[in-house]
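**Student:** Take a look at this one; I'll ask things after.
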Amino acid sequence: MRRGICVFAVALAMGAMPVWTQDPSHDSSMMDRDLMEVSVPQIEALYAAHKYTVTQVTQWYLDRINRYDGTYRALLHVDREGALRRAAEEDAAPKIAKHGVLWGVPIVIKTNTSVKGLVTSAGWEGYLKPGEELVAPRDAVVVERLKEAGAVILGQTNMPDFAASDTNISTAGGRTGDAYDVRYSPGGSSGGTATALAANFAVVGTGTDTANSIRQPAANNSLVGFLPSRGLTSIAGIHPLDWLRDNTGPLARDVTSAAITLDVMQAEDPLDKWTEGATKKAEARPYTQYLKKGALKGKRFGVPWFVLEGSPSIYGTGPDAPPNSGAVSSETRAAFMKAVEQLKAAGATVIIDKEILPESFFMVIRSVNTRPYRREGVDNFLRDFGPPQYHSVAEYEKAIGDAFPAYMIGGTRTGNEVMPQRLLESDPEAEANYYGPQRKALEIYEQTRRKWKLDGFVYPALQIPTYDETVPGASTAGPYSETGWVNRIGVPAVSLPGGFYADGLPFGLEISGVRWKDGDLFGYAYAYEQATHNRRLPKLVEGAKK
């Protein structure tokens, strides 16, 4: 099912009561109880007990999508036939067959990630032109791994065009609403996946993250969003926004499910040079071995000063600058300090000092210049995962007769001027543009960690709470976040349910760790989750059928 451009109308009666039941022709009350908020281990236990078939579980999720997603619009494409066919195949498999760790687990895939036979629109209407659609010729490696593990793909989630937004409005699928209040932004660019999981449309899902795009929407939907060490997962087969900062990882409602999913997604891939040697560099798997309730005891974390206080020398203080020059809002600061107290109660030490990653660090981070190499990433993707009609930007423009968006190939949104594009591998300025500043920023990060004897850093996943996008004149830029610095140095980070604001919308706590120590980071996340149990179920409302 494909959506065209739409004008979003809020299908929400303000006094409506939430509805949690399925089609009354089914004996659904037990399934609702068993599957709502279910984790990967729990659903595998249900299968092991022969309580449900994969087809029954898959249908339960498809029914929920049909009932609620007309309101929330989290999915751009629902592959009902493919999902039910896959479920039937798994039900028919010999009982003695060895199953993968995600056997029968319904998942959703962000629509910039290649799924063989489906359209990789990346949220952009330009890839949906009749007869010229970007139909994936094969699976991205992360999708291939998920299928091999037994996952059932329900469909593809909506996202802003090319993932280039902090909210979730696209020319291909319209606007996605937050699961906790459909009027509010779920954040971007993995907002479709985040809303789908918060609404229990699937068990786990994939996201991509160039600057905050897994972690920010996870925070807005009270989810776990994990950004792995760069190179742990392959981005080949994922339409790039900025291939030198792009990454992919899981979103889930609980840390255990996220850890199991990343274990599956992780793989070296000859099409992604950053993954070379990752197996030896990474911590031993499975990542579930690091999930211990006492993992935070004795650990030390610093708070990046620039995240709390902003960067006036970069953003300025004028009307076009972020609020308070990028500093966190008063509401967010209060929510963060509550989360800090929770970390301390779980045994951690949290240090706030103006010398810990101050604005000067952020200025070095901002000097990592990847813009001259944007087009190379798009051309490489189309070369390997494009349809027969086009395997480069130039071939796309020739086949379609339209110009490719300038901001995707070195230009800007405010004009068509394009920075001269180069190949990273042969550019004599690559050291000055990219490698040198990145190395310097990572050195500062690690030096700070060693000086203060830190195991990582903690900070709010967003600078401000999410907001109502449906009121006249509301911003469509998305809730502001200052977490993209993590991508530029390739260290892992995780966003966790950190509580709720006074209006009932979620607050997200983020922790960044040490490169290639993803297991340790999962351990900290699990200990915090088990000490707080901050997530709570959203109250959905029904809308138009899908």
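Simple scheme: letters A, B, ... for chains in structure tokens order, numbers from 1 for residues in each chain, numbers from 1 for ligands in the order shown.
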I'd like the contact shell of Trp452 in chain A - 12 Å cut-off, only C-alpha atoms, skipping same-chain residues fewer than 4 positions apart - returned as JSON, numbers by chain.
**Tutor:** {"A": [299, 300, 301, 302, 303, 349, 350, 351, 352, 353, 355, 356, 357, 445, 446, 447, 448, 456, 457]}
**Student:** Mind listing the strand (DSSP E or B) residues of range 13-171 of chain A, per DSSP on the backbone, as an NGL selection string?
**Tutor:** :A and (75-78 or 106-110 or 113 or 119 or 135 or 152-157 or 169-170)
**Student:** Could you write those residues out with N, CA and C atoms, as a PDB file, in the first residue's frame?
**Tutor:**
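Writing done, so here's part.pdb:
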ATOM      1  N   LEU A  75       3.309   4.007   9.099  1.00  0.00           N
ATOM      2  CA  LEU A  75       3.787   3.143   8.023  1.00  0.00           C
ATOM      3  C   LEU A  75       3.461   3.725   6.660  1.00  0.00           C
ATOM      4  N   LEU A  76       4.464   3.707   5.821  1.00  0.00           N
ATOM      5  CA  LEU A  76       4.302   4.165   4.446  1.00  0.00           C
ATOM      6  C   LEU A  76       3.786   3.040   3.562  1.00  0.00           C
ATOM      7  N   HIS A  77       4.215   1.828   3.869  1.00  0.00           N
ATOM      8  CA  HIS A  77       3.802   0.658   3.084  1.00  0.00           C
ATOM      9  C   HIS A  77       3.609  -0.514   4.032  1.00  0.00           C
ATOM     10  N   VAL A  78       2.454  -1.166   3.960  1.00  0.00           N
ATOM     11  CA  VAL A  78       2.171  -2.361   4.755  1.00  0.00           C
ATOM     12  C   VAL A  78       2.189  -3.560   3.815  1.00  0.00           C
ATOM     13  N   PRO A 106       7.528 -10.039  14.524  1.00  0.00           N
ATOM     14  CA  PRO A 106       7.103  -9.007  13.566  1.00  0.00           C
ATOM     15  C   PRO A 106       7.938  -7.734  13.738  1.00  0.00           C
ATOM     16  N   ILE A 107       8.499  -7.244  12.644  1.00  0.00           N
ATOM     17  CA  ILE A 107       9.342  -6.059  12.682  1.00  0.00           C
ATOM     18  C   ILE A 107       8.915  -5.082  11.588  1.00  0.00           C
ATOM     19  N   VAL A 108       9.386  -3.850  11.707  1.00  0.00           N
ATOM     20  CA  VAL A 108       9.191  -2.853  10.654  1.00  0.00           C
ATOM     21  C   VAL A 108      10.556  -2.308  10.248  1.00  0.00           C
ATOM     22  N   ILE A 109      10.659  -1.890   8.986  1.00  0.00           N
ATOM     23  CA  ILE A 109      11.913  -1.424   8.406  1.00  0.00           C
ATOM     24  C   ILE A 109      11.732   0.015   7.930  1.00  0.00           C
ATOM     25  N   LYS A 110      12.663   0.870   8.260  1.00  0.00           N
ATOM     26  CA  LYS A 110      12.628   2.244   7.784  1.00  0.00           C
ATOM     27  C   LYS A 110      12.752   2.253   6.265  1.00  0.00           C
ATOM     28  N   THR A 113      15.779   1.818   3.661  1.00  0.00           N
ATOM     29  CA  THR A 113      16.582   0.603   3.762  1.00  0.00           C
ATOM     30  C   THR A 113      16.056  -0.440   2.787  1.00  0.00           C
ATOM     31  N   VAL A 119       9.706  -0.784  -2.683  1.00  0.00           N
ATOM     32  CA  VAL A 119      10.233   0.498  -3.128  1.00  0.00           C
ATOM     33  C   VAL A 119      11.019   1.160  -1.992  1.00  0.00           C
ATOM     34  N   VAL A 135      12.698   0.282  -7.033  1.00  0.00           N
ATOM     35  CA  VAL A 135      12.419  -1.030  -6.464  1.00  0.00           C
ATOM     36  C   VAL A 135      13.744  -1.699  -6.125  1.00  0.00           C
ATOM     37  N   VAL A 152       9.714 -11.406  10.727  1.00  0.00           N
ATOM     38  CA  VAL A 152       8.618 -11.226   9.780  1.00  0.00           C
ATOM     39  C   VAL A 152       8.469  -9.726   9.532  1.00  0.00           C
ATOM     40  N   ILE A 153       8.735  -9.283   8.316  1.00  0.00           N
ATOM     41  CA  ILE A 153       8.674  -7.860   7.990  1.00  0.00           C
ATOM     42  C   ILE A 153       7.236  -7.470   7.672  1.00  0.00           C
ATOM     43  N   LEU A 154       6.678  -6.582   8.497  1.00  0.00           N
ATOM     44  CA  LEU A 154       5.294  -6.143   8.314  1.00  0.00           C
ATOM     45  C   LEU A 154       5.177  -5.027   7.291  1.00  0.00           C
ATOM     46  N   GLY A 155       6.214  -4.207   7.174  1.00  0.00           N
ATOM     47  CA  GLY A 155       6.140  -3.108   6.228  1.00  0.00           C
ATOM     48  C   GLY A 155       7.259  -2.118   6.451  1.00  0.00           C
ATOM     49  N   GLN A 156       7.132  -0.985   5.755  1.00  0.00           N
ATOM     50  CA  GLN A 156       8.150   0.063   5.785  1.00  0.00           C
ATOM     51  C   GLN A 156       7.575   1.312   6.453  1.00  0.00           C
ATOM     52  N   THR A 157       8.391   1.954   7.272  1.00  0.00           N
ATOM     53  CA  THR A 157       7.910   3.085   8.054  1.00  0.00           C
ATOM     54  C   THR A 157       8.167   4.412   7.347  1.00  0.00           C
ATOM     55  N   ILE A 169       7.662  14.467   8.429  1.00  0.00           N
ATOM     56  CA  ILE A 169       6.745  14.853   7.363  1.00  0.00           C
ATOM     57  C   ILE A 169       7.446  14.581   6.041  1.00  0.00           C
ATOM     58  N   SER A 170       6.804  13.810   5.168  1.00  0.00           N
ATOM     59  CA  SER A 170       7.445  13.437   3.913  1.00  0.00           C
ATOM     60  C   SER A 170       6.541  13.713   2.721  1.00  0.00           C
TER      61      SER A 170
END
**Student:** Counting only C-alpha atoms, figure out which residue out of A:Gln342, A:Asn221, A:Thr470, A:Asn487 gets nearest to Thr248 in chain A.
**Tutor:**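 Nearest to Thr248 in chain A: A:Asn487.
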**Student:** If we count only C-alpha atoms and set the cut-off at 9 Å, which residues sit around Glu90 in chain A, ignoring sequence neighbours fewer than 5 positions away in its own chain? Please answer as an mmCIF file with N, CA and C atoms, in the first residue's frame.
**Tutor:**
data_model
loop_
_atom_site.group_PDB
_atom_site.id
_atom_site.type_symbol
_atom_site.label_atom_id
_atom_site.label_comp_id
_atom_site.auth_asym_id
_atom_site.auth_seq_id
_atom_site.Cartn_x
_atom_site.Cartn_y
_atom_site.Cartn_z
ATOM 1 N N THR A 53 0.404 -19.353 16.864
ATOM 2 C CA THR A 53 1.181 -19.553 15.647
ATOM 3 C C THR A 53 1.764 -18.209 15.204
ATOM 4 N N VAL A 54 2.747 -18.273 14.337
ATOM 5 C CA VAL A 54 3.321 -17.037 13.801
ATOM 6 C C VAL A 54 2.255 -16.280 13.011
ATOM 7 N N THR A 55 1.409 -17.010 12.316
ATOM 8 C CA THR A 55 0.342 -16.366 11.542
ATOM 9 C C THR A 55 -0.618 -15.618 12.450
ATOM 10 N N ARG A 85 2.567 -14.458 4.180
ATOM 11 C CA ARG A 85 3.230 -15.564 3.479
ATOM 12 C C ARG A 85 4.436 -16.052 4.279
ATOM 13 N N TRP A 103 12.916 -15.518 15.305
ATOM 14 C CA TRP A 103 11.934 -16.344 14.597
ATOM 15 C C TRP A 103 10.511 -15.913 14.957
ATOM 16 N N GLY A 104 9.747 -15.543 13.923
ATOM 17 C CA GLY A 104 8.350 -15.169 14.123
ATOM 18 C C GLY A 104 8.150 -13.804 14.743
ATOM 19 N N GLY A 150 14.848 -14.980 11.179
ATOM 20 C CA GLY A 150 13.454 -15.395 11.291
ATOM 21 C C GLY A 150 12.442 -14.287 11.426
#
**Student:** Separation of CA of Glu133 in chain A and CA of Ser189 in chain A, in Å?
**Tutor:** 21.5 Å
**Student:** Among the residues of range 214-457 of chain A, find those DSSP assigns to alpha helix (DSSP H) from the backbone and print them as a ChimeraX atom specification.
**Tutor:** /A:215-220,255-265,278-281,305-309,312-315,330-345,359-366,374-385,393-400,430,436-451
**Student:** Closest to Phe522 in chain A among A:Thr476, A:Gln421, A:Asn380, A:Thr256, using only C-alpha atoms?
**Tutor:** A:Thr256
